[in-house]
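Chemist: Below is coords21.txt; it holds compact mmCIF, N, CA and C atoms.
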```txt
# COMPACT_ATOMS: atom_id res chain seq x y z
N MET A 1411 85.78 87.40 -34.99
CA MET A 1411 85.53 88.57 -35.79
C MET A 1411 85.49 88.15 -37.25
N THR A 1412 84.42 88.43 -37.91
CA THR A 1412 84.28 88.08 -39.32
C THR A 1412 84.37 89.34 -40.15
N SER A 1413 85.05 89.19 -41.27
CA SER A 1413 85.15 90.34 -42.17
C SER A 1413 84.14 90.17 -43.30
N ARG A 1414 83.59 91.25 -43.68
CA ARG A 1414 82.60 91.23 -44.75
C ARG A 1414 83.15 92.00 -45.95
N ILE A 1415 82.81 91.47 -47.12
CA ILE A 1415 83.20 92.16 -48.35
C ILE A 1415 82.06 93.09 -48.73
N PRO A 1416 82.38 94.35 -48.93
CA PRO A 1416 81.32 95.28 -49.32
C PRO A 1416 80.63 94.79 -50.61
N MET A 1417 79.33 94.93 -50.69
CA MET A 1417 78.53 94.43 -51.81
C MET A 1417 78.97 95.01 -53.15
N PHE A 1418 79.44 96.24 -53.17
CA PHE A 1418 79.83 96.83 -54.45
C PHE A 1418 81.12 96.21 -55.00
N LEU A 1419 81.92 95.54 -54.17
CA LEU A 1419 83.14 94.87 -54.63
C LEU A 1419 82.89 93.44 -55.11
N LEU A 1420 81.79 92.86 -54.76
CA LEU A 1420 81.49 91.48 -55.10
C LEU A 1420 81.49 91.22 -56.61
N PRO A 1421 80.80 92.02 -57.44
CA PRO A 1421 80.84 91.76 -58.89
C PRO A 1421 82.26 91.86 -59.47
N THR A 1422 83.06 92.77 -58.96
CA THR A 1422 84.44 92.93 -59.43
C THR A 1422 85.26 91.68 -59.13
N LEU A 1423 85.10 91.17 -57.93
CA LEU A 1423 85.84 89.95 -57.56
C LEU A 1423 85.38 88.75 -58.37
N LEU A 1424 84.10 88.63 -58.62
CA LEU A 1424 83.58 87.52 -59.42
C LEU A 1424 84.09 87.59 -60.86
N LEU A 1425 84.10 88.78 -61.44
CA LEU A 1425 84.59 88.94 -62.81
C LEU A 1425 86.09 88.68 -62.89
N ALA A 1426 86.82 89.11 -61.91
CA ALA A 1426 88.26 88.90 -61.91
C ALA A 1426 88.59 87.41 -61.85
N GLY A 1427 87.78 86.65 -61.14
CA GLY A 1427 88.00 85.21 -61.03
C GLY A 1427 87.74 84.49 -62.35
N CYS A 1428 86.92 85.05 -63.22
CA CYS A 1428 86.59 84.43 -64.50
C CYS A 1428 87.56 84.79 -65.61
N GLN A 1429 88.34 85.81 -65.43
CA GLN A 1429 89.22 86.28 -66.48
C GLN A 1429 90.41 85.35 -66.66
N LEU A 1430 90.78 85.10 -67.91
CA LEU A 1430 91.98 84.32 -68.21
C LEU A 1430 93.20 85.22 -68.05
N ASP A 1431 94.30 84.66 -67.62
CA ASP A 1431 95.50 85.48 -67.62
C ASP A 1431 96.00 85.61 -69.06
N SER A 1432 96.90 86.54 -69.30
CA SER A 1432 97.34 86.83 -70.66
C SER A 1432 97.98 85.62 -71.34
N ARG A 1433 98.67 84.80 -70.60
CA ARG A 1433 99.32 83.61 -71.16
C ARG A 1433 98.25 82.64 -71.69
N GLN A 1434 97.17 82.45 -70.94
CA GLN A 1434 96.09 81.57 -71.38
C GLN A 1434 95.39 82.15 -72.61
N GLN A 1435 95.23 83.46 -72.66
CA GLN A 1435 94.60 84.09 -73.81
C GLN A 1435 95.45 83.90 -75.06
N VAL A 1436 96.75 84.05 -74.95
CA VAL A 1436 97.64 83.87 -76.10
C VAL A 1436 97.60 82.42 -76.57
N LEU A 1437 97.65 81.47 -75.65
CA LEU A 1437 97.61 80.07 -76.04
C LEU A 1437 96.28 79.72 -76.70
N ALA A 1438 95.19 80.24 -76.19
CA ALA A 1438 93.89 79.98 -76.80
C ALA A 1438 93.81 80.57 -78.20
N THR A 1439 94.32 81.77 -78.37
CA THR A 1439 94.33 82.42 -79.67
C THR A 1439 95.23 81.67 -80.63
N THR A 1440 96.41 81.26 -80.18
CA THR A 1440 97.35 80.55 -81.04
C THR A 1440 96.74 79.24 -81.52
N ASN A 1441 96.08 78.49 -80.64
CA ASN A 1441 95.44 77.25 -81.05
C ASN A 1441 94.39 77.52 -82.10
N THR A 1442 93.60 78.54 -81.92
CA THR A 1442 92.58 78.88 -82.89
C THR A 1442 93.21 79.27 -84.22
N GLN A 1443 94.25 80.06 -84.19
CA GLN A 1443 94.92 80.46 -85.42
C GLN A 1443 95.58 79.26 -86.10
N ALA A 1444 96.18 78.38 -85.32
CA ALA A 1444 96.80 77.19 -85.90
C ALA A 1444 95.75 76.29 -86.55
N ALA A 1445 94.63 76.13 -85.89
CA ALA A 1445 93.55 75.31 -86.46
C ALA A 1445 93.02 75.95 -87.73
N GLN A 1446 92.83 77.26 -87.73
CA GLN A 1446 92.33 77.95 -88.91
C GLN A 1446 93.33 77.85 -90.06
N ARG A 1447 94.61 77.95 -89.75
CA ARG A 1447 95.64 77.83 -90.78
C ARG A 1447 95.63 76.43 -91.40
N ALA A 1448 95.43 75.42 -90.58
CA ALA A 1448 95.38 74.05 -91.09
C ALA A 1448 94.18 73.85 -92.01
N ILE A 1449 93.07 74.49 -91.69
CA ILE A 1449 91.86 74.39 -92.51
C ILE A 1449 92.04 75.13 -93.82
N SER A 1450 92.72 76.26 -93.80
CA SER A 1450 92.72 77.17 -94.94
C SER A 1450 93.98 77.16 -95.80
N THR A 1451 94.90 76.24 -95.57
CA THR A 1451 96.15 76.23 -96.33
C THR A 1451 96.42 74.85 -96.90
N ARG A 1452 96.86 74.82 -98.16
CA ARG A 1452 97.27 73.57 -98.80
C ARG A 1452 98.53 73.83 -99.60
N VAL A 1453 99.33 72.78 -99.75
CA VAL A 1453 100.55 72.86 -100.56
C VAL A 1453 100.34 71.95 -101.76
N PHE A 1454 100.61 72.48 -102.95
CA PHE A 1454 100.46 71.73 -104.19
C PHE A 1454 101.83 71.51 -104.83
N ASP A 1455 102.03 70.32 -105.36
CA ASP A 1455 103.30 69.97 -106.01
C ASP A 1455 103.32 70.49 -107.44
N ILE A 1456 103.33 71.78 -107.57
CA ILE A 1456 103.40 72.44 -108.88
C ILE A 1456 104.15 73.75 -108.69
N SER A 1457 105.12 73.99 -109.54
CA SER A 1457 105.93 75.19 -109.38
C SER A 1457 105.43 76.35 -110.23
N ASP A 1458 104.61 76.09 -111.23
CA ASP A 1458 104.13 77.12 -112.14
C ASP A 1458 102.97 77.88 -111.49
N GLN A 1459 103.31 79.02 -110.93
CA GLN A 1459 102.29 79.81 -110.23
C GLN A 1459 101.24 80.36 -111.17
N THR A 1460 101.57 80.56 -112.43
CA THR A 1460 100.59 81.04 -113.40
C THR A 1460 99.47 80.02 -113.56
N LYS A 1461 99.82 78.75 -113.63
CA LYS A 1461 98.81 77.70 -113.75
C LYS A 1461 97.95 77.61 -112.49
N VAL A 1462 98.57 77.73 -111.34
CA VAL A 1462 97.81 77.69 -110.08
C VAL A 1462 96.90 78.91 -109.98
N PHE A 1463 97.40 80.06 -110.41
CA PHE A 1463 96.62 81.30 -110.40
C PHE A 1463 95.39 81.16 -111.29
N GLN A 1464 95.60 80.66 -112.51
CA GLN A 1464 94.48 80.48 -113.45
C GLN A 1464 93.49 79.45 -112.92
N ALA A 1465 93.99 78.37 -112.35
CA ALA A 1465 93.11 77.33 -111.79
C ALA A 1465 92.32 77.87 -110.60
N THR A 1466 92.93 78.76 -109.81
CA THR A 1466 92.24 79.37 -108.67
C THR A 1466 91.06 80.20 -109.15
N ILE A 1467 91.29 81.02 -110.16
CA ILE A 1467 90.20 81.85 -110.71
C ILE A 1467 89.08 80.96 -111.26
N SER A 1468 89.45 79.95 -112.03
CA SER A 1468 88.45 79.04 -112.60
C SER A 1468 87.66 78.31 -111.52
N THR A 1469 88.36 77.87 -110.49
CA THR A 1469 87.71 77.15 -109.39
C THR A 1469 86.70 78.04 -108.67
N LEU A 1470 87.08 79.25 -108.37
CA LEU A 1470 86.16 80.17 -107.69
C LEU A 1470 84.93 80.43 -108.56
N GLN A 1471 85.15 80.62 -109.87
CA GLN A 1471 84.01 80.84 -110.77
C GLN A 1471 83.12 79.60 -110.84
N ASP A 1472 83.73 78.42 -110.88
CA ASP A 1472 82.95 77.18 -110.91
C ASP A 1472 82.11 77.01 -109.65
N LEU A 1473 82.58 77.55 -108.53
CA LEU A 1473 81.86 77.46 -107.27
C LEU A 1473 80.83 78.58 -107.10
N GLY A 1474 80.64 79.38 -108.14
CA GLY A 1474 79.62 80.42 -108.12
C GLY A 1474 80.07 81.77 -107.62
N PHE A 1475 81.36 81.97 -107.48
CA PHE A 1475 81.89 83.25 -107.02
C PHE A 1475 82.09 84.19 -108.21
N ILE A 1476 82.00 85.47 -107.93
CA ILE A 1476 82.34 86.50 -108.91
C ILE A 1476 83.69 87.06 -108.51
N VAL A 1477 84.66 86.92 -109.39
CA VAL A 1477 86.02 87.39 -109.10
C VAL A 1477 86.02 88.91 -109.21
N GLU A 1478 86.39 89.56 -108.11
CA GLU A 1478 86.42 91.02 -108.07
C GLU A 1478 87.80 91.58 -108.36
N ARG A 1479 88.82 90.90 -107.83
CA ARG A 1479 90.20 91.34 -108.03
C ARG A 1479 91.09 90.13 -108.20
N ALA A 1480 91.99 90.24 -109.16
CA ALA A 1480 92.99 89.19 -109.37
C ALA A 1480 94.31 89.87 -109.71
N ASP A 1481 95.30 89.67 -108.88
CA ASP A 1481 96.61 90.29 -109.09
C ASP A 1481 97.64 89.18 -109.22
N LYS A 1482 98.06 88.92 -110.43
CA LYS A 1482 99.00 87.83 -110.71
C LYS A 1482 100.37 88.10 -110.07
N ILE A 1483 100.79 89.34 -110.05
CA ILE A 1483 102.11 89.68 -109.48
C ILE A 1483 102.13 89.41 -107.98
N LEU A 1484 101.07 89.83 -107.28
CA LEU A 1484 100.99 89.59 -105.83
C LEU A 1484 100.53 88.17 -105.52
N GLY A 1485 99.89 87.53 -106.49
CA GLY A 1485 99.38 86.18 -106.28
C GLY A 1485 98.15 86.15 -105.40
N THR A 1486 97.24 87.12 -105.60
CA THR A 1486 96.02 87.16 -104.81
C THR A 1486 94.79 87.22 -105.71
N VAL A 1487 93.73 86.58 -105.23
CA VAL A 1487 92.44 86.59 -105.92
C VAL A 1487 91.38 86.82 -104.86
N SER A 1488 90.49 87.79 -105.11
CA SER A 1488 89.37 88.06 -104.21
C SER A 1488 88.08 87.86 -104.97
N ALA A 1489 87.13 87.16 -104.35
CA ALA A 1489 85.86 86.86 -105.01
C ALA A 1489 84.73 86.89 -103.99
N THR A 1490 83.52 87.11 -104.50
CA THR A 1490 82.34 87.18 -103.65
C THR A 1490 81.22 86.34 -104.25
N ARG A 1491 80.45 85.73 -103.36
CA ARG A 1491 79.24 84.99 -103.78
C ARG A 1491 78.10 85.47 -102.91
N ALA A 1492 77.04 85.94 -103.57
CA ALA A 1492 75.87 86.43 -102.85
C ALA A 1492 74.73 85.45 -103.03
N GLY A 1493 73.99 85.28 -101.99
CA GLY A 1493 72.82 84.41 -101.99
C GLY A 1493 72.02 84.74 -100.75
N THR A 1494 71.70 83.75 -99.96
CA THR A 1494 71.04 84.02 -98.69
C THR A 1494 71.99 84.71 -97.73
N SER A 1495 73.30 84.55 -98.00
CA SER A 1495 74.32 85.23 -97.21
C SER A 1495 75.44 85.65 -98.15
N LEU A 1496 76.25 86.58 -97.72
CA LEU A 1496 77.35 87.09 -98.52
C LEU A 1496 78.64 86.39 -98.09
N ILE A 1497 79.27 85.72 -99.04
CA ILE A 1497 80.53 85.02 -98.76
C ILE A 1497 81.62 85.68 -99.57
N ARG A 1498 82.68 86.04 -98.91
CA ARG A 1498 83.85 86.66 -99.57
C ARG A 1498 85.05 85.76 -99.33
N PHE A 1499 85.76 85.44 -100.41
CA PHE A 1499 86.92 84.57 -100.35
C PHE A 1499 88.12 85.31 -100.90
N THR A 1500 89.24 85.24 -100.23
CA THR A 1500 90.50 85.78 -100.73
C THR A 1500 91.52 84.65 -100.69
N VAL A 1501 92.18 84.46 -101.82
CA VAL A 1501 93.15 83.37 -101.94
C VAL A 1501 94.50 83.99 -102.28
N SER A 1502 95.54 83.53 -101.58
CA SER A 1502 96.89 84.00 -101.90
C SER A 1502 97.77 82.80 -102.23
N LEU A 1503 98.67 83.02 -103.17
CA LEU A 1503 99.59 81.99 -103.64
C LEU A 1503 101.02 82.45 -103.39
N ARG A 1504 101.87 81.51 -103.01
CA ARG A 1504 103.29 81.85 -102.89
C ARG A 1504 104.11 80.58 -103.10
N PRO A 1505 105.28 80.76 -103.66
CA PRO A 1505 106.13 79.59 -103.92
C PRO A 1505 106.67 79.00 -102.61
N MET A 1506 106.86 77.69 -102.63
CA MET A 1506 107.50 77.00 -101.51
C MET A 1506 108.65 76.21 -102.12
N GLY A 1507 109.82 76.77 -102.02
CA GLY A 1507 110.96 76.15 -102.69
C GLY A 1507 110.82 76.34 -104.19
N THR A 1508 111.33 75.38 -104.95
CA THR A 1508 111.28 75.51 -106.41
C THR A 1508 110.25 74.59 -107.06
N THR A 1509 109.62 73.72 -106.29
CA THR A 1509 108.71 72.75 -106.89
C THR A 1509 107.29 72.76 -106.32
N ARG A 1510 107.01 73.63 -105.39
CA ARG A 1510 105.70 73.62 -104.75
C ARG A 1510 105.12 75.03 -104.67
N THR A 1511 103.80 75.07 -104.50
CA THR A 1511 103.09 76.33 -104.32
C THR A 1511 102.17 76.20 -103.11
N ILE A 1512 102.22 77.19 -102.24
CA ILE A 1512 101.33 77.25 -101.08
C ILE A 1512 100.11 78.08 -101.47
N VAL A 1513 98.94 77.53 -101.21
CA VAL A 1513 97.69 78.23 -101.47
C VAL A 1513 97.00 78.42 -100.12
N ARG A 1514 96.69 79.66 -99.81
CA ARG A 1514 96.03 79.97 -98.54
C ARG A 1514 94.78 80.77 -98.82
N ALA A 1515 93.68 80.33 -98.27
CA ALA A 1515 92.40 80.99 -98.47
C ALA A 1515 91.90 81.55 -97.15
N SER A 1516 91.21 82.66 -97.24
CA SER A 1516 90.52 83.19 -96.07
C SER A 1516 89.12 83.56 -96.53
N GLY A 1517 88.20 83.52 -95.62
CA GLY A 1517 86.83 83.79 -96.01
C GLY A 1517 86.06 84.54 -94.96
N GLN A 1518 85.03 85.22 -95.42
CA GLN A 1518 84.11 85.92 -94.52
C GLN A 1518 82.69 85.52 -94.90
N LEU A 1519 81.89 85.31 -93.89
CA LEU A 1519 80.47 85.04 -94.06
C LEU A 1519 79.72 86.14 -93.35
N ASN A 1520 79.08 87.01 -94.14
CA ASN A 1520 78.34 88.15 -93.57
C ASN A 1520 79.21 88.96 -92.60
N GLN A 1521 80.39 89.32 -93.02
CA GLN A 1521 81.32 90.17 -92.26
C GLN A 1521 81.95 89.49 -91.05
N HIS A 1522 81.82 88.17 -90.92
CA HIS A 1522 82.45 87.43 -89.84
C HIS A 1522 83.41 86.41 -90.44
N GLU A 1523 84.51 86.17 -89.74
CA GLU A 1523 85.49 85.21 -90.23
C GLU A 1523 84.84 83.85 -90.46
N LEU A 1524 85.15 83.25 -91.59
CA LEU A 1524 84.64 81.93 -91.93
C LEU A 1524 85.55 80.89 -91.30
N SER A 1525 85.03 80.14 -90.34
CA SER A 1525 85.85 79.15 -89.66
C SER A 1525 85.37 77.72 -89.90
N ASP A 1526 84.22 77.56 -90.55
CA ASP A 1526 83.71 76.24 -90.90
C ASP A 1526 84.63 75.63 -91.95
N PRO A 1527 85.13 74.42 -91.73
CA PRO A 1527 86.06 73.82 -92.69
C PRO A 1527 85.43 73.41 -94.02
N ALA A 1528 84.12 73.23 -94.08
CA ALA A 1528 83.46 72.72 -95.29
C ALA A 1528 83.70 73.58 -96.54
N PRO A 1529 83.51 74.90 -96.50
CA PRO A 1529 83.76 75.70 -97.71
C PRO A 1529 85.21 75.63 -98.17
N PHE A 1530 86.14 75.59 -97.23
CA PHE A 1530 87.55 75.49 -97.59
C PHE A 1530 87.83 74.13 -98.25
N GLN A 1531 87.24 73.08 -97.68
CA GLN A 1531 87.43 71.74 -98.24
C GLN A 1531 86.88 71.66 -99.66
N ARG A 1532 85.69 72.24 -99.89
CA ARG A 1532 85.12 72.26 -101.24
C ARG A 1532 86.03 73.00 -102.20
N PHE A 1533 86.54 74.16 -101.77
CA PHE A 1533 87.43 74.94 -102.63
C PHE A 1533 88.69 74.15 -102.96
N PHE A 1534 89.35 73.59 -101.95
CA PHE A 1534 90.60 72.88 -102.20
C PHE A 1534 90.39 71.59 -103.00
N ASP A 1535 89.28 70.89 -102.78
CA ASP A 1535 88.99 69.70 -103.59
C ASP A 1535 88.81 70.09 -105.05
N SER A 1536 88.05 71.17 -105.29
CA SER A 1536 87.83 71.64 -106.66
C SER A 1536 89.12 72.13 -107.30
N LEU A 1537 89.94 72.84 -106.52
CA LEU A 1537 91.22 73.32 -107.04
C LEU A 1537 92.14 72.16 -107.39
N SER A 1538 92.19 71.14 -106.54
CA SER A 1538 93.00 69.95 -106.82
C SER A 1538 92.56 69.29 -108.12
N GLN A 1539 91.25 69.17 -108.29
CA GLN A 1539 90.72 68.55 -109.49
C GLN A 1539 91.06 69.39 -110.72
N SER A 1540 90.93 70.70 -110.61
CA SER A 1540 91.25 71.59 -111.71
C SER A 1540 92.73 71.49 -112.10
N LEU A 1541 93.61 71.46 -111.11
CA LEU A 1541 95.05 71.33 -111.39
C LEU A 1541 95.37 69.98 -112.02
N PHE A 1542 94.69 68.92 -111.58
CA PHE A 1542 94.89 67.60 -112.16
C PHE A 1542 94.47 67.59 -113.63
N LEU A 1543 93.29 68.14 -113.91
CA LEU A 1543 92.81 68.18 -115.29
C LEU A 1543 93.72 69.03 -116.16
N GLN A 1544 94.19 70.13 -115.62
CA GLN A 1544 95.08 71.01 -116.33
C GLN A 1544 96.42 70.33 -116.64
N ALA A 1545 96.96 69.60 -115.67
CA ALA A 1545 98.24 68.90 -115.85
C ALA A 1545 98.15 67.78 -116.89
N ASN A 1546 96.95 67.21 -117.02
CA ASN A 1546 96.75 66.11 -117.96
C ASN A 1546 96.08 66.57 -119.26
N ASN A 1547 96.04 67.88 -119.48
CA ASN A 1547 95.46 68.48 -120.69
C ASN A 1547 94.05 67.98 -120.96
N ILE A 1548 93.24 67.92 -119.90
CA ILE A 1548 91.84 67.53 -120.03
C ILE A 1548 91.00 68.77 -119.76
N ASP A 1549 90.19 69.15 -120.73
CA ASP A 1549 89.35 70.35 -120.53
C ASP A 1549 87.92 69.99 -120.36
```
As structure tokens - that is how I would like this structure written.
Modeler:
Amino acid sequence: MTSRIPMFLLPTLLLAGCQLDSRQQVLATTNTQAAQRAISTRVFDISDQTKVFQATISTLQDLGFIVERADKILGTVSATRAGTSLIRFTVSLRPMGTTRTIVRASGQLNQHELSDPAPFQRFFDSLSQSLFLQANNID
């Protein structure tokens, strides 16, 4: 005696077999978030958040962004660059102990999260250079 699966249940069974369990979904999301955090966060050996804040604004402007909002108290800067696509960058600063500052950037490309490491690398390279020039009084 053979049992048959009704045809209307077949798609449901196939889809259920493809679904990740919740534990796998959380691990996949966590890995993605951890990778994104590694791309978008840097620690600088400077305690003066005002200098880092000013360098952040200058760096974004040097990269062609228009600064829309800058809040020194909250330590956030939001900027946009329009061209063939719309890029929005938000940078937040916070102290790490008494001698370091954490800089974290997030970005959107045409309303989608920016996950390509290249724009973040350009921003952080430029910010590092700006902080170096600032520390050595080179304008």
Chemist: State, in Å with one decimal place, the distance from atom C of Phe1454 of chain A to atom C of Glu1478 of chain A.
Modeler: 24.7 Å
Chemist: If you measure from atom CA of Gly1474 of chain A to atom CA of Leu1541 of chain A, what distance in Å do you get, rounded to one decimal?
Modeler: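 These two atoms are separated by 18.2 Å.
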Chemist: So how far away is atom CA of Phe1499 of chain A from atom CA of Ser1525 of chain A, in Å?
Modeler: 12.0 Å
Chemist: Tell me, as a list in words, which residues lie within 12 Å of Phe1475 of chain A, counting only C-alpha atoms; anything in the same chain fewer than 4 positions away does not count.
Modeler: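 Listed by chain and then number, they are Thr1466, Ile1467, Ser1468, Thr1469, Leu1470, Gln1471, Arg1479, Val1487, Ser1488, Ala1489, Thr1490, Arg1491, Ala1492, Gly1493, Leu1496, Ile1497, Arg1498, Phe1499, Thr1500 and Phe1533 of chain A.
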Chemist: Considering all atoms listed in the file, can you say which of A:Gln1464, A:Leu1519, A:Ile1476, A:Phe1530 comes closest to Ile1449 of chain A?
Modeler: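 Under the stated criterion, the closest residue is A:Phe1530.
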Chemist: With distances taken over only C-alpha atoms, which of A:Thr1460, A:Ser1540, A:Ser1516, A:Asn1546 is nearest to Gln1443 of chain A?
Modeler: A:Ser1516
